Amino acid sequence: ILSDGVLDPYTGVIHHHAHFNINQLAIGEYLTEHTGLPIYLHPSVDALALKDYFSHLAKRKAKNIIYLQLQDVVNITVLNHGITLDANTQRPNLFAHTQYKKTQNIPCYCGGVGCLETHTSLPAILQQANNLLCNYSDSYLQHNIISIDSICSGVKLGDTLCIQLIDNIAQLLAKPLALMVNVLGTELILINSPINQISELFFDKLHHYIDQQSIPLCSSEITIEKSTLSVSDSESSLIQRALYDGSLLMQLLQG
């Protein structure tokens with residue numbers, strides 16, 4: 001089961017969902033009791049990251065990777081030689097739910113205020129565009145429906161507001177990513193997002209701000225690339241991992 005929100009893959013509990021009013025739903029235990037089958041509950045970013053890793057295993061040199069999902073939700077998976085960080089810690093990764101700007105008082109579905117996701121998700125970018133548009137009378141967005149596609153089109157045309165929106169997102173993401181680069185020694189950041197259509201500008205800005213906030217020893221060799229996988233492309237990757245690490249085989253042998 002792939003789901004977006006605050007969830008714990010190791011207890012099978014969805015604590016909060018990004019789009020539904022869910023609180024402490026023990027879906028893994030419930031479904032196992034009613035089906036007798038092992039249940040794997042994960043955020044969609046885990047499936048995306050593992051699918052990408054398995055697809056490029058033979059030719060990609062970088063093995064220490066941060067996979068960033070920047071869509072309606074924001075999340076990351078940290079991979080080291082194909083093993084996710086949470087597989088070792090048995091604790092969920094809640095990157096996007098670090099309190100970032102409490103002063104702006106934006107509530108998050110997780111119950112917090114000012115979480116990183118409330119400032120960097122696609123809906124947040126669109127809201128920022130609506131809020132700032134009155135200050136840019138000559139913006140490309142004045143005559144077009146505000147969407148991620150139209151913002152990216154505006155960037156390609158050199159629109160000041162659209163470029164500013166992308167610059168803001170790059171700055172916001174760079175600080176926590178720089179911290180992780182310093183701590184983890186990351187070699188590669190993979191980004192899965194509709195914003196990838198302007199990846200040259202977005203990645204340059206993100207790299208620039210990461211460089212400013214991390215030491216050259218860690219950031220000088222880092223690369224940022226785009227991932228074009230969809231969640232539907234990646235659904236089987238978690239089962240593939242469970243077969244590789246033997247956890248699914250053990251459950252099957254135990255009946």
# chains A, B, ... in the order shown; residues from 1 in each chain; ligands from 1
$ residues_around --residues "A:Lys175" --least-positions-apart "5" --cutoff "12 Å" --atoms "only C-alpha atoms" --output "list in words"
Phe95, Thr98, Tyr100, Leu116, Asn168, Ile169, Ala170, Met180, Val181, Asn182, Leu206, His207, His208, Tyr209, Ile210, Asp211, Gln212, Gln213 and Ser214 of chain A
$ select_by_dssp --residues "stretch 1-238 of chain A" --states "strand (DSSP E)" --output "ChimeraX atom specification"
/A:2-3,5-8,13-17,42-43,64-70,74-80,83-84,188-192,223-226
$ select_by_dssp --residues "stretch 25-213 of chain A" --states "helix (DSSP H, G or I)" --output "PyMOL selection string"
chain A and resi 27-35+44-55+85-89+95-97+102-104+117-120+122-135+140-143+148-156+160-184+194-213
$ residues_around --residues "A:Ser237" --least-positions-apart "3" --cutoff "7 Å" --atoms "only C-alpha atoms" --output "VMD selection string"
chain A and resid 47 50 to 51 234 240 to 241
$ atom_distance --atom1 "atom CA of A:Phe54" --atom2 "atom CA of A:Ile1"
19.4 Å
$ residues_around --residues "stretch 3-13 of chain A" --least-positions-apart "3" --cutoff "6 Å" --atoms "only C-alpha atoms" --output "ChimeraX atom specification"
/A:16-18,25-28,41-44,92
$ write_last_selection --atoms "all heavy atoms" --output "mmCIF file, in the first residue's frame"
data_model
loop_
_atom_site.group_PDB
_atom_site.id
_atom_site.type_symbol
_atom_site.label_atom_id
_atom_site.label_comp_id
_atom_site.auth_asym_id
_atom_site.auth_seq_id
_atom_site.Cartn_x
_atom_site.Cartn_y
_atom_site.Cartn_z
ATOM 1 N N HIS A 16 -1.548 10.405 9.968
ATOM 2 C CA HIS A 16 -2.292 11.497 9.338
ATOM 3 C C HIS A 16 -2.144 11.341 7.833
ATOM 4 O O HIS A 16 -1.086 10.940 7.341
ATOM 5 C CB HIS A 16 -1.757 12.868 9.761
ATOM 6 C CG HIS A 16 -1.754 13.092 11.239
ATOM 7 N ND1 HIS A 16 -2.894 13.389 11.959
ATOM 8 C CD2 HIS A 16 -0.742 13.050 12.138
ATOM 9 C CE1 HIS A 16 -2.590 13.526 13.231
ATOM 10 N NE2 HIS A 16 -1.291 13.326 13.372
ATOM 11 N N HIS A 17 -3.206 11.659 7.098
ATOM 12 C CA HIS A 17 -3.170 11.554 5.649
ATOM 13 C C HIS A 17 -3.229 12.936 5.027
ATOM 14 O O HIS A 17 -3.876 13.841 5.555
ATOM 15 C CB HIS A 17 -4.333 10.690 5.140
ATOM 16 C CG HIS A 17 -4.146 10.207 3.737
ATOM 17 N ND1 HIS A 17 -4.422 10.994 2.644
ATOM 18 C CD2 HIS A 17 -3.694 9.017 3.257
ATOM 19 C CE1 HIS A 17 -4.158 10.302 1.539
ATOM 20 N NE2 HIS A 17 -3.706 9.112 1.873
ATOM 21 N N ALA A 18 -2.564 13.075 3.894
ATOM 22 C CA ALA A 18 -2.494 14.382 3.243
ATOM 23 C C ALA A 18 -3.846 14.834 2.696
ATOM 24 O O ALA A 18 -4.097 16.039 2.577
ATOM 25 C CB ALA A 18 -1.470 14.342 2.119
ATOM 26 N N LEU A 25 -4.753 5.312 12.019
ATOM 27 C CA LEU A 25 -5.418 4.177 11.387
ATOM 28 C C LEU A 25 -4.443 3.012 11.255
ATOM 29 O O LEU A 25 -3.501 3.056 10.481
ATOM 30 C CB LEU A 25 -5.946 4.567 10.006
ATOM 31 C CG LEU A 25 -6.611 3.461 9.183
ATOM 32 C CD1 LEU A 25 -7.855 2.934 9.900
ATOM 33 C CD2 LEU A 25 -6.955 3.958 7.783
ATOM 34 N N ALA A 26 -4.682 1.931 12.018
ATOM 35 C CA ALA A 26 -3.800 0.750 12.002
ATOM 36 C C ALA A 26 -4.192 -0.159 10.851
ATOM 37 O O ALA A 26 -4.654 -1.295 11.032
ATOM 38 C CB ALA A 26 -3.892 0.024 13.340
ATOM 39 N N ILE A 27 -3.972 0.321 9.630
ATOM 40 C CA ILE A 27 -4.456 -0.384 8.455
ATOM 41 C C ILE A 27 -3.691 -1.685 8.204
ATOM 42 O O ILE A 27 -4.263 -2.667 7.735
ATOM 43 C CB ILE A 27 -4.389 0.545 7.218
ATOM 44 C CG1 ILE A 27 -5.134 -0.091 6.047
ATOM 45 C CG2 ILE A 27 -2.942 0.873 6.853
ATOM 46 C CD1 ILE A 27 -5.305 0.867 4.877
ATOM 47 N N GLY A 28 -2.403 -1.724 8.542
ATOM 48 C CA GLY A 28 -1.618 -2.938 8.323
ATOM 49 C C GLY A 28 -2.134 -4.105 9.139
ATOM 50 O O GLY A 28 -2.381 -5.198 8.614
ATOM 51 N N LEU A 41 3.120 -1.197 3.986
ATOM 52 C CA LEU A 41 2.634 0.172 3.917
ATOM 53 C C LEU A 41 3.834 1.102 3.838
ATOM 54 O O LEU A 41 4.700 1.082 4.711
ATOM 55 C CB LEU A 41 1.801 0.494 5.159
ATOM 56 C CG LEU A 41 1.389 1.958 5.348
ATOM 57 C CD1 LEU A 41 0.335 2.363 4.312
ATOM 58 C CD2 LEU A 41 0.865 2.196 6.764
ATOM 59 N N HIS A 42 3.877 1.919 2.795
ATOM 60 C CA HIS A 42 5.013 2.823 2.627
ATOM 61 C C HIS A 42 4.556 4.124 1.974
ATOM 62 O O HIS A 42 3.576 4.140 1.219
ATOM 63 C CB HIS A 42 6.091 2.188 1.737
ATOM 64 C CG HIS A 42 6.962 1.210 2.447
ATOM 65 N ND1 HIS A 42 8.129 1.564 3.074
ATOM 66 C CD2 HIS A 42 6.823 -0.125 2.642
ATOM 67 C CE1 HIS A 42 8.685 0.492 3.620
ATOM 68 N NE2 HIS A 42 7.911 -0.545 3.368
ATOM 69 N N PRO A 43 5.283 5.218 2.212
ATOM 70 C CA PRO A 43 5.044 6.425 1.421
ATOM 71 C C PRO A 43 5.468 6.182 -0.018
ATOM 72 O O PRO A 43 6.382 5.382 -0.283
ATOM 73 C CB PRO A 43 5.941 7.473 2.096
ATOM 74 C CG PRO A 43 6.997 6.681 2.791
ATOM 75 C CD PRO A 43 6.360 5.395 3.200
ATOM 76 N N SER A 44 4.817 6.860 -0.940
ATOM 77 C CA SER A 44 5.103 6.621 -2.355
ATOM 78 C C SER A 44 6.546 6.939 -2.714
ATOM 79 O O SER A 44 7.108 6.348 -3.642
ATOM 80 C CB SER A 44 4.147 7.431 -3.232
ATOM 81 O OG SER A 44 4.192 8.806 -2.901
ATOM 82 N N PRO A 92 10.131 6.092 10.809
ATOM 83 C CA PRO A 92 9.735 6.770 9.563
ATOM 84 C C PRO A 92 10.526 8.048 9.336
ATOM 85 O O PRO A 92 10.973 8.700 10.283
ATOM 86 C CB PRO A 92 8.244 7.070 9.787
ATOM 87 C CG PRO A 92 8.072 7.101 11.273
ATOM 88 C CD PRO A 92 9.055 6.098 11.810
#
$ residues_around --residues "stretch 188-195 of chain A" --least-positions-apart "4" --cutoff "7 Å" --atoms "only C-alpha atoms" --output "ChimeraX atom specification"
/A:62,64-71,152,199,222-228
$ atom_distance --atom1 "atom CA of A:His97" --atom2 "atom CA of A:Gly112"
7.6 Å
$ residues_around --residues "A:Pro123" --least-positions-apart "2" --cutoff "10 Å" --atoms "only C-alpha atoms" --output "tab-separated table (two decimals) with N, CA, C and O atoms, in the first residue's frame"
chain	number	residue	atom	x	y	z
A	71	GLN	N	5.93	17.19	-5.00
A	71	GLN	CA	4.65	17.15	-5.70
A	71	GLN	C	3.58	17.74	-4.79
A	71	GLN	O	3.83	18.75	-4.13
A	72	ASP	N	2.38	17.17	-4.75
A	72	ASP	CA	1.37	17.66	-3.82
A	72	ASP	C	1.82	17.46	-2.38
A	72	ASP	O	1.37	18.16	-1.48
A	73	VAL	N	2.67	16.47	-2.18
A	73	VAL	CA	3.35	16.27	-0.90
A	73	VAL	C	4.84	16.40	-1.14
A	73	VAL	O	5.31	16.33	-2.27
A	117	GLU	N	6.63	21.35	4.27
A	117	GLU	CA	5.70	21.00	3.20
A	117	GLU	C	4.69	22.11	2.92
A	117	GLU	O	4.25	22.29	1.78
A	118	THR	N	4.30	22.85	3.96
A	118	THR	CA	3.32	23.92	3.76
A	118	THR	C	3.88	25.09	2.96
A	118	THR	O	3.13	25.97	2.55
A	119	HIS	N	5.19	25.10	2.73
A	119	HIS	CA	5.84	26.17	1.97
A	119	HIS	C	6.39	25.70	0.63
A	119	HIS	O	6.65	26.54	-0.24
A	120	THR	N	6.57	24.39	0.45
A	120	THR	CA	7.29	23.93	-0.75
A	120	THR	C	6.50	22.94	-1.60
A	120	THR	O	6.97	22.56	-2.67
A	121	SER	N	5.34	22.49	-1.19
A	121	SER	CA	4.54	21.58	-2.01
A	121	SER	C	3.98	22.35	-3.21
A	121	SER	O	3.96	23.59	-3.22
A	125	ILE	N	3.13	26.41	-3.69
A	125	ILE	CA	3.71	27.27	-4.73
A	125	ILE	C	2.61	28.05	-5.44
A	125	ILE	O	2.74	29.25	-5.70
A	126	LEU	N	1.51	27.37	-5.75
A	126	LEU	CA	0.40	28.03	-6.43
A	126	LEU	C	-0.22	29.12	-5.55
A	126	LEU	O	-0.59	30.19	-6.04
A	127	GLN	N	-0.32	28.83	-4.26
A	127	GLN	CA	-0.86	29.83	-3.33
A	127	GLN	C	0.06	31.05	-3.26
A	127	GLN	O	-0.41	32.19	-3.23
A	128	GLN	N	1.36	30.81	-3.25
A	128	GLN	CA	2.32	31.91	-3.23
A	128	GLN	C	2.19	32.75	-4.51
A	128	GLN	O	2.28	33.99	-4.46
A	129	ALA	N	1.97	32.08	-5.64
A	129	ALA	CA	1.80	32.81	-6.91
A	129	ALA	C	0.57	33.71	-6.85
A	129	ALA	O	0.61	34.88	-7.27
A	147	SER	N	-0.89	27.71	-12.75
A	147	SER	CA	-0.62	26.28	-12.57
A	147	SER	C	0.89	26.09	-12.57
A	147	SER	O	1.65	27.01	-12.90
A	148	ILE	N	1.32	24.90	-12.21
A	148	ILE	CA	2.77	24.63	-12.26
A	148	ILE	C	3.27	24.73	-13.69
A	148	ILE	O	4.36	25.27	-13.94
$ residues_around --residues "A:Asn135" --least-positions-apart "4" --cutoff "10 Å" --atoms "only C-alpha atoms" --output "list in words"
Asn131, Ser139 and Leu161 of chain A
$ write_last_selection --atoms "N, CA, C and O atoms" --output "PDB file, in the first residue's frame"
ATOM      1  N   ASN A 131      -0.805  34.957  -4.168  1.00  0.00           N
ATOM      2  CA  ASN A 131      -0.577  36.025  -3.187  1.00  0.00           C
ATOM      3  C   ASN A 131       0.299  37.151  -3.740  1.00  0.00           C
ATOM      4  O   ASN A 131       0.121  38.327  -3.388  1.00  0.00           O
ATOM      5  N   SER A 139       3.226  40.410 -15.263  1.00  0.00           N
ATOM      6  CA  SER A 139       3.597  38.999 -15.227  1.00  0.00           C
ATOM      7  C   SER A 139       2.840  38.182 -16.269  1.00  0.00           C
ATOM      8  O   SER A 139       1.668  38.449 -16.581  1.00  0.00           O
ATOM      9  N   LEU A 161       8.218  37.144 -11.802  1.00  0.00           N
ATOM     10  CA  LEU A 161       7.485  36.493 -10.716  1.00  0.00           C
ATOM     11  C   LEU A 161       7.724  34.992 -10.733  1.00  0.00           C
ATOM     12  O   LEU A 161       7.979  34.389  -9.679  1.00  0.00           O
TER      13      LEU A 161
END
$ closest_residue --among "A:Ile198, A:Ser230, A:Gln142, A:Leu79" --to "A:Ile163" --atoms "only C-alpha atoms"
A:Ile198
$ atom_distance --atom1 "atom CA of A:Asp204" --atom2 "atom CA of A:Asn130"
25.0 Å
$ closest_residue --among "A:Gly154, A:Gly82, A:Gly185, A:Pro38" --to "A:Tyr53" --atoms "only C-alpha atoms"
A:Gly82
$ decode --residues "stretch 232-246 of chain A" --atoms "all heavy atoms" --output "mmCIF file, in the first residue's frame"
data_model
loop_
_atom_site.group_PDB
_atom_site.id
_atom_site.type_symbol
_atom_site.label_atom_id
_atom_site.label_comp_id
_atom_site.auth_asym_id
_atom_site.auth_seq_id
_atom_site.Cartn_x
_atom_site.Cartn_y
_atom_site.Cartn_z
ATOM 1 N N SER A 232 2.830 4.720 -10.392
ATOM 2 C CA SER A 232 2.342 3.471 -10.995
ATOM 3 C C SER A 232 3.489 2.649 -11.580
ATOM 4 O O SER A 232 3.430 1.416 -11.595
ATOM 5 C CB SER A 232 1.300 3.771 -12.076
ATOM 6 O OG SER A 232 1.849 4.584 -13.101
ATOM 7 N N ASP A 233 4.544 3.324 -12.058
ATOM 8 C CA ASP A 233 5.730 2.608 -12.561
ATOM 9 C C ASP A 233 6.458 1.867 -11.445
ATOM 10 O O ASP A 233 7.185 0.907 -11.698
ATOM 11 C CB ASP A 233 6.734 3.590 -13.188
ATOM 12 C CG ASP A 233 6.216 4.252 -14.442
ATOM 13 O OD1 ASP A 233 5.381 3.648 -15.126
ATOM 14 O OD2 ASP A 233 6.635 5.388 -14.727
ATOM 15 N N SER A 234 6.275 2.332 -10.215
ATOM 16 C CA SER A 234 7.129 1.919 -9.104
ATOM 17 C C SER A 234 6.473 0.973 -8.113
ATOM 18 O O SER A 234 7.089 0.584 -7.122
ATOM 19 C CB SER A 234 7.589 3.180 -8.344
ATOM 20 O OG SER A 234 8.076 4.154 -9.232
ATOM 21 N N GLU A 235 5.222 0.606 -8.359
ATOM 22 C CA GLU A 235 4.444 -0.124 -7.357
ATOM 23 C C GLU A 235 5.079 -1.435 -6.924
ATOM 24 O O GLU A 235 4.943 -1.855 -5.773
ATOM 25 C CB GLU A 235 3.027 -0.362 -7.870
ATOM 26 C CG GLU A 235 2.204 0.921 -7.944
ATOM 27 C CD GLU A 235 0.859 0.722 -8.606
ATOM 28 O OE1 GLU A 235 0.709 -0.294 -9.336
ATOM 29 O OE2 GLU A 235 -0.038 1.561 -8.406
ATOM 30 N N SER A 236 5.774 -2.102 -7.826
ATOM 31 C CA SER A 236 6.325 -3.424 -7.506
ATOM 32 C C SER A 236 7.683 -3.363 -6.825
ATOM 33 O O SER A 236 8.203 -4.393 -6.375
ATOM 34 C CB SER A 236 6.442 -4.263 -8.787
ATOM 35 O OG SER A 236 7.364 -3.658 -9.685
ATOM 36 N N SER A 237 8.278 -2.174 -6.714
ATOM 37 C CA SER A 237 9.655 -2.084 -6.224
ATOM 38 C C SER A 237 9.785 -2.488 -4.756
ATOM 39 O O SER A 237 10.803 -3.045 -4.348
ATOM 40 C CB SER A 237 10.206 -0.671 -6.430
ATOM 41 O OG SER A 237 9.428 0.284 -5.745
ATOM 42 N N LEU A 238 8.773 -2.215 -3.943
ATOM 43 C CA LEU A 238 8.837 -2.584 -2.531
ATOM 44 C C LEU A 238 8.766 -4.099 -2.355
ATOM 45 O O LEU A 238 9.411 -4.661 -1.464
ATOM 46 C CB LEU A 238 7.721 -1.902 -1.758
ATOM 47 C CG LEU A 238 7.888 -0.384 -1.623
ATOM 48 C CD1 LEU A 238 6.598 0.270 -1.182
ATOM 49 C CD2 LEU A 238 9.005 -0.065 -0.644
ATOM 50 N N ILE A 239 7.977 -4.771 -3.201
ATOM 51 C CA ILE A 239 7.933 -6.232 -3.172
ATOM 52 C C ILE A 239 9.273 -6.797 -3.639
ATOM 53 O O ILE A 239 9.787 -7.773 -3.082
ATOM 54 C CB ILE A 239 6.795 -6.762 -4.061
ATOM 55 C CG1 ILE A 239 5.452 -6.187 -3.596
ATOM 56 C CG2 ILE A 239 6.759 -8.277 -4.046
ATOM 57 C CD1 ILE A 239 5.087 -6.506 -2.176
ATOM 58 N N GLN A 240 9.863 -6.151 -4.642
ATOM 59 C CA GLN A 240 11.182 -6.560 -5.119
ATOM 60 C C GLN A 240 12.212 -6.477 -4.000
ATOM 61 O O GLN A 240 13.015 -7.396 -3.796
ATOM 62 C CB GLN A 240 11.599 -5.682 -6.297
ATOM 63 C CG GLN A 240 12.893 -6.114 -6.974
ATOM 64 C CD GLN A 240 13.221 -5.243 -8.184
ATOM 65 O OE1 GLN A 240 12.451 -4.341 -8.551
ATOM 66 N NE2 GLN A 240 14.359 -5.495 -8.806
ATOM 67 N N ARG A 241 12.174 -5.396 -3.231
ATOM 68 C CA ARG A 241 13.107 -5.264 -2.115
ATOM 69 C C ARG A 241 12.836 -6.323 -1.051
ATOM 70 O O ARG A 241 13.763 -6.899 -0.469
ATOM 71 C CB ARG A 241 13.006 -3.871 -1.484
ATOM 72 C CG ARG A 241 13.989 -3.685 -0.337
ATOM 73 C CD ARG A 241 13.893 -2.334 0.314
ATOM 74 N NE ARG A 241 12.653 -2.158 1.063
ATOM 75 C CZ ARG A 241 12.418 -1.115 1.862
ATOM 76 N NH1 ARG A 241 13.330 -0.164 1.994
ATOM 77 N NH2 ARG A 241 11.284 -1.004 2.500
ATOM 78 N N ALA A 242 11.570 -6.577 -0.766
ATOM 79 C CA ALA A 242 11.216 -7.565 0.251
ATOM 80 C C ALA A 242 11.691 -8.963 -0.143
ATOM 81 O O ALA A 242 12.049 -9.779 0.709
ATOM 82 C CB ALA A 242 9.715 -7.563 0.486
ATOM 83 N N LEU A 243 11.717 -9.228 -1.437
ATOM 84 C CA LEU A 243 12.252 -10.512 -1.911
ATOM 85 C C LEU A 243 13.774 -10.537 -1.794
ATOM 86 O O LEU A 243 14.365 -11.545 -1.404
ATOM 87 C CB LEU A 243 11.826 -10.754 -3.357
ATOM 88 C CG LEU A 243 10.341 -11.077 -3.580
ATOM 89 C CD1 LEU A 243 10.003 -11.046 -5.059
ATOM 90 C CD2 LEU A 243 9.998 -12.460 -2.995
ATOM 91 N N TYR A 244 14.418 -9.411 -2.126
ATOM 92 C CA TYR A 244 15.869 -9.338 -2.041
ATOM 93 C C TYR A 244 16.368 -9.490 -0.616
ATOM 94 O O TYR A 244 17.357 -10.180 -0.351
ATOM 95 C CB TYR A 244 16.372 -8.008 -2.610
ATOM 96 C CG TYR A 244 16.442 -7.935 -4.114
ATOM 97 C CD1 TYR A 244 16.836 -6.757 -4.754
ATOM 98 C CD2 TYR A 244 16.106 -9.020 -4.912
ATOM 99 C CE1 TYR A 244 16.899 -6.674 -6.138
ATOM 100 C CE2 TYR A 244 16.160 -8.949 -6.286
ATOM 101 C CZ TYR A 244 16.553 -7.781 -6.909
ATOM 102 O OH TYR A 244 16.610 -7.700 -8.268
ATOM 103 N N ASP A 245 15.703 -8.799 0.333
ATOM 104 C CA ASP A 245 16.207 -8.838 1.715
ATOM 105 C C ASP A 245 15.706 -10.053 2.498
ATOM 106 O O ASP A 245 16.111 -10.279 3.645
ATOM 107 C CB ASP A 245 15.885 -7.537 2.459
ATOM 108 C CG ASP A 245 14.378 -7.306 2.685
ATOM 109 O OD1 ASP A 245 13.599 -8.270 2.679
ATOM 110 O OD2 ASP A 245 13.998 -6.135 2.897
ATOM 111 N N GLY A 246 14.818 -10.849 1.886
ATOM 112 C CA GLY A 246 14.385 -12.099 2.502
ATOM 113 C C GLY A 246 13.194 -11.989 3.429
ATOM 114 O O GLY A 246 12.667 -13.011 3.885
#
